[in-house]
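Undergrad: upload10.cif is the file, holding mmCIF, C-alpha atoms:
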data_input
loop_
_atom_site.label_atom_id
_atom_site.label_comp_id
_atom_site.auth_asym_id
_atom_site.auth_seq_id
_atom_site.Cartn_x
_atom_site.Cartn_y
_atom_site.Cartn_z
CA GLN Z 14 1.32 3.90 -19.38
CA VAL Z 15 0.90 2.06 -16.09
CA GLN Z 16 -2.06 3.21 -14.03
CA LEU Z 17 -2.59 2.40 -10.39
CA VAL Z 18 -5.83 3.34 -8.65
CA GLU Z 19 -6.18 3.20 -4.87
CA SER Z 20 -9.47 2.84 -3.04
CA GLY Z 21 -10.77 2.11 0.43
CA GLY Z 22 -9.39 4.94 2.51
CA GLY Z 23 -11.30 7.14 4.91
CA LEU Z 24 -11.85 7.92 8.56
CA VAL Z 25 -11.67 5.19 11.19
CA GLN Z 26 -11.50 5.17 14.97
CA PRO Z 27 -8.41 3.93 16.81
CA GLY Z 28 -8.49 0.16 17.02
CA GLY Z 29 -10.57 -0.10 13.86
CA SER Z 30 -9.82 -1.65 10.49
CA LEU Z 31 -9.65 -0.56 6.88
CA ARG Z 32 -8.84 -2.37 3.67
CA LEU Z 33 -7.05 -0.54 0.88
CA SER Z 34 -7.07 -1.80 -2.69
CA CYS Z 35 -4.78 -0.97 -5.58
CA SER Z 36 -6.05 -1.83 -9.04
CA ALA Z 37 -3.48 -1.96 -11.81
CA SER Z 38 -3.92 -1.43 -15.53
CA GLU Z 39 -1.35 -4.15 -16.23
CA ASN Z 40 -0.88 -7.78 -15.26
CA ILE Z 41 0.69 -7.38 -11.82
CA LEU Z 42 3.21 -10.11 -12.60
CA PHE Z 43 4.73 -7.54 -14.93
CA PHE Z 44 6.11 -5.77 -11.84
CA ASN Z 45 9.16 -6.82 -9.83
CA ASP Z 46 7.25 -5.90 -6.72
CA MET Z 47 4.24 -3.93 -5.55
CA GLY Z 48 3.79 -2.21 -2.27
CA TRP Z 49 2.03 0.27 -0.09
CA TYR Z 50 3.79 3.38 1.09
CA ARG Z 51 2.65 6.28 3.24
CA GLN Z 52 3.54 9.91 3.63
CA THR Z 53 2.61 12.78 5.91
CA ALA Z 54 3.43 16.47 5.91
CA TRP Z 55 6.20 15.84 8.43
CA ARG Z 56 7.47 12.47 7.27
CA GLU Z 57 8.87 11.40 3.93
CA ARG Z 58 7.27 8.60 1.98
CA GLU Z 59 8.07 5.31 3.64
CA LEU Z 60 7.49 1.69 2.87
CA VAL Z 61 4.59 0.08 4.72
CA ALA Z 62 4.32 -3.33 3.07
CA LEU Z 63 5.71 -5.01 -0.03
CA ILE Z 64 4.99 -8.15 -2.03
CA ASN Z 65 7.40 -9.33 -4.66
CA LEU Z 66 7.02 -11.37 -7.80
CA ALA Z 67 7.43 -14.61 -5.84
CA GLY Z 68 4.76 -13.57 -3.37
CA VAL Z 69 7.20 -12.92 -0.55
CA THR Z 70 6.04 -10.14 1.75
CA LYS Z 71 7.87 -7.55 3.80
CA TYR Z 72 6.56 -5.13 6.42
CA ALA Z 73 7.72 -2.05 8.22
CA ASP Z 74 8.34 -2.72 11.91
CA ALA Z 75 5.62 -0.24 12.86
CA VAL Z 76 2.89 -2.28 11.14
CA GLN Z 77 4.17 -5.83 11.58
CA GLY Z 78 1.41 -8.01 12.96
CA ARG Z 79 -1.31 -5.45 12.27
CA PHE Z 80 -1.21 -5.03 8.49
CA THR Z 81 -1.38 -7.71 5.81
CA ILE Z 82 -0.57 -7.26 2.13
CA SER Z 83 -2.09 -9.64 -0.40
CA ARG Z 84 -2.61 -9.87 -4.12
CA ASP Z 85 -5.18 -11.18 -6.55
CA ILE Z 86 -3.41 -11.80 -9.84
CA ALA Z 87 -6.59 -12.44 -11.81
CA LYS Z 88 -8.09 -9.14 -10.64
CA LYS Z 89 -4.77 -7.26 -11.07
CA ARG Z 90 -5.09 -6.02 -7.53
CA VAL Z 91 -3.00 -5.68 -4.39
CA ASP Z 92 -4.75 -5.09 -1.07
CA LEU Z 93 -3.62 -3.89 2.32
CA GLN Z 94 -5.66 -5.06 5.29
CA MET Z 95 -5.05 -2.73 8.19
CA ASN Z 96 -6.16 -3.80 11.66
CA ASN Z 97 -5.82 -2.24 15.09
CA LEU Z 98 -5.21 1.14 13.54
CA ARG Z 99 -3.48 3.85 15.55
CA GLY Z 100 -3.35 7.59 15.30
CA GLU Z 101 0.18 7.40 13.96
CA ASP Z 102 -1.11 5.40 10.97
CA THR Z 103 -2.81 8.56 9.73
CA ALA Z 104 -1.24 9.37 6.35
CA THR Z 105 -1.73 9.44 2.63
CA TYR Z 106 -1.17 5.92 1.38
CA TYR Z 107 0.30 5.27 -2.05
CA CYS Z 108 0.40 2.15 -4.14
CA GLY Z 109 3.74 1.65 -5.85
CA ALA Z 110 4.68 -0.83 -8.56
CA ARG Z 111 8.32 -1.29 -9.51
CA VAL Z 112 9.71 -2.36 -12.86
CA MET Z 113 13.51 -2.57 -12.66
CA SER Z 114 14.62 0.85 -11.36
CA ARG Z 115 11.36 2.68 -12.03
CA THR Z 116 8.46 2.86 -9.59
CA HIS Z 117 5.00 3.79 -10.81
CA TRP Z 118 2.71 5.51 -8.30
CA GLY Z 119 -0.97 5.81 -7.72
CA GLN Z 120 -2.55 9.14 -6.83
CA GLY Z 121 -2.67 8.37 -3.12
CA ILE Z 122 -5.53 7.91 -0.70
CA LEU Z 123 -6.03 9.43 2.72
CA VAL Z 124 -6.39 7.32 5.84
CA THR Z 125 -7.33 9.18 9.01
CA VAL Z 126 -7.36 7.43 12.36
CA SER Z 127 -9.15 9.56 14.91
CA SER Z 128 -11.86 9.40 17.52
#
Just give me the structure as structure tokens.

TA:
Amino acid sequence: QVQLVESGGGLVQPGGSLRLSCSASENILFFNDMGWYRQTAWRERELVALINLAGVTKYADAVQGRFTISRDIAKKRVDLQMNNLRGEDTATYYCGARVMSRTHWGQGILVTVSS
């Protein structure tokens, strides 16, 4: 059973930074790709950033240039560095890890951007 555990969320002021971490129970090279997604009460879960097996990254337009996804294979971890945060970044963030057609999910972590 794949387990993904997110950490690093919390409250931050607009313009501030946070770093989210996703720790996996498996070697992360087992997954076709890993990513960060976010969801709010009024918006469906959407992709924020993705890193595939080859290390190629992809970002949503809304976070391009502000967020950076990275991975540490030895630590079985994928991080999301979030800079210049805005109120619209407020959401529950989920780590997702895909194997073929199945995506495993973490429990989610809340990020609140507010003054």

Undergrad: Taking into account all atoms listed in the file, which residue in the set Z:Lys71, Z:Arg84, Z:Arg90, Z:Arg56 is nearest to Ser20 (chain Z)?

TA: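 Nearest to Ser20 (chain Z): Z:Arg90.
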
Undergrad: Once the PyMOL selection byres ((chain Z and resi 47) around 6) is applied to the coordinates I shared, what remains selected? I want it as a PyMOL selection string.

TA: chain Z and resi 46+48+63-64+109-110

Undergrad: Which residues would end up in the selection if the PyMOL selection byres ((chain Z and resi 51) around 8) were applied here, given that I need the answer as JSON, numbers by chain?

TA: {"Z": [49, 50, 52, 53, 58, 59, 60, 61, 104, 105, 106, 107]}

Undergrad: Pick out the residues sitting within 12 Å of Val124 (chain Z), and hand them over as a PyMOL selection string; count only C-alpha atoms, and ignore anything fewer than 3 positions along from it in its own chain.

TA: chain Z and resi 19-27+29-33+50-53+95+98-107+121+127

Undergrad: To verify the selection step, state as a list in words which residues the PyMOL selection byres ((chain Z and resi 16) around 9) yields on this input.

TA: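 Selected by the PyMOL selection byres ((chain Z and resi 16) around 9) here: Gln14, Val15, Leu17, Val18, Ser36, Ala37, Ser38, Glu39, His117, Trp118 and Gly119 of chain Z.
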
Undergrad: For CA of Asn97 (chain Z) and CA of Cys35 (chain Z), quote the distance in Å rounded to one decimal.

TA: 20.7 Å

Undergrad: Which one is closest to Ser34 (chain Z): Z:Ala62, Z:Leu93, Z:Ala87, Z:Val76? Count all atoms listed in the file.

TA: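 Among the listed residues, the smallest separation from Ser34 (chain Z) belongs to Z:Leu93.
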
Undergrad: To one decimal in Å, tell me the separation between CA of Ile86 (chain Z) and CA of Val69 (chain Z).

TA: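 CA of Val69 (chain Z) lies at a distance of 14.1 Å from CA of Ile86 (chain Z).
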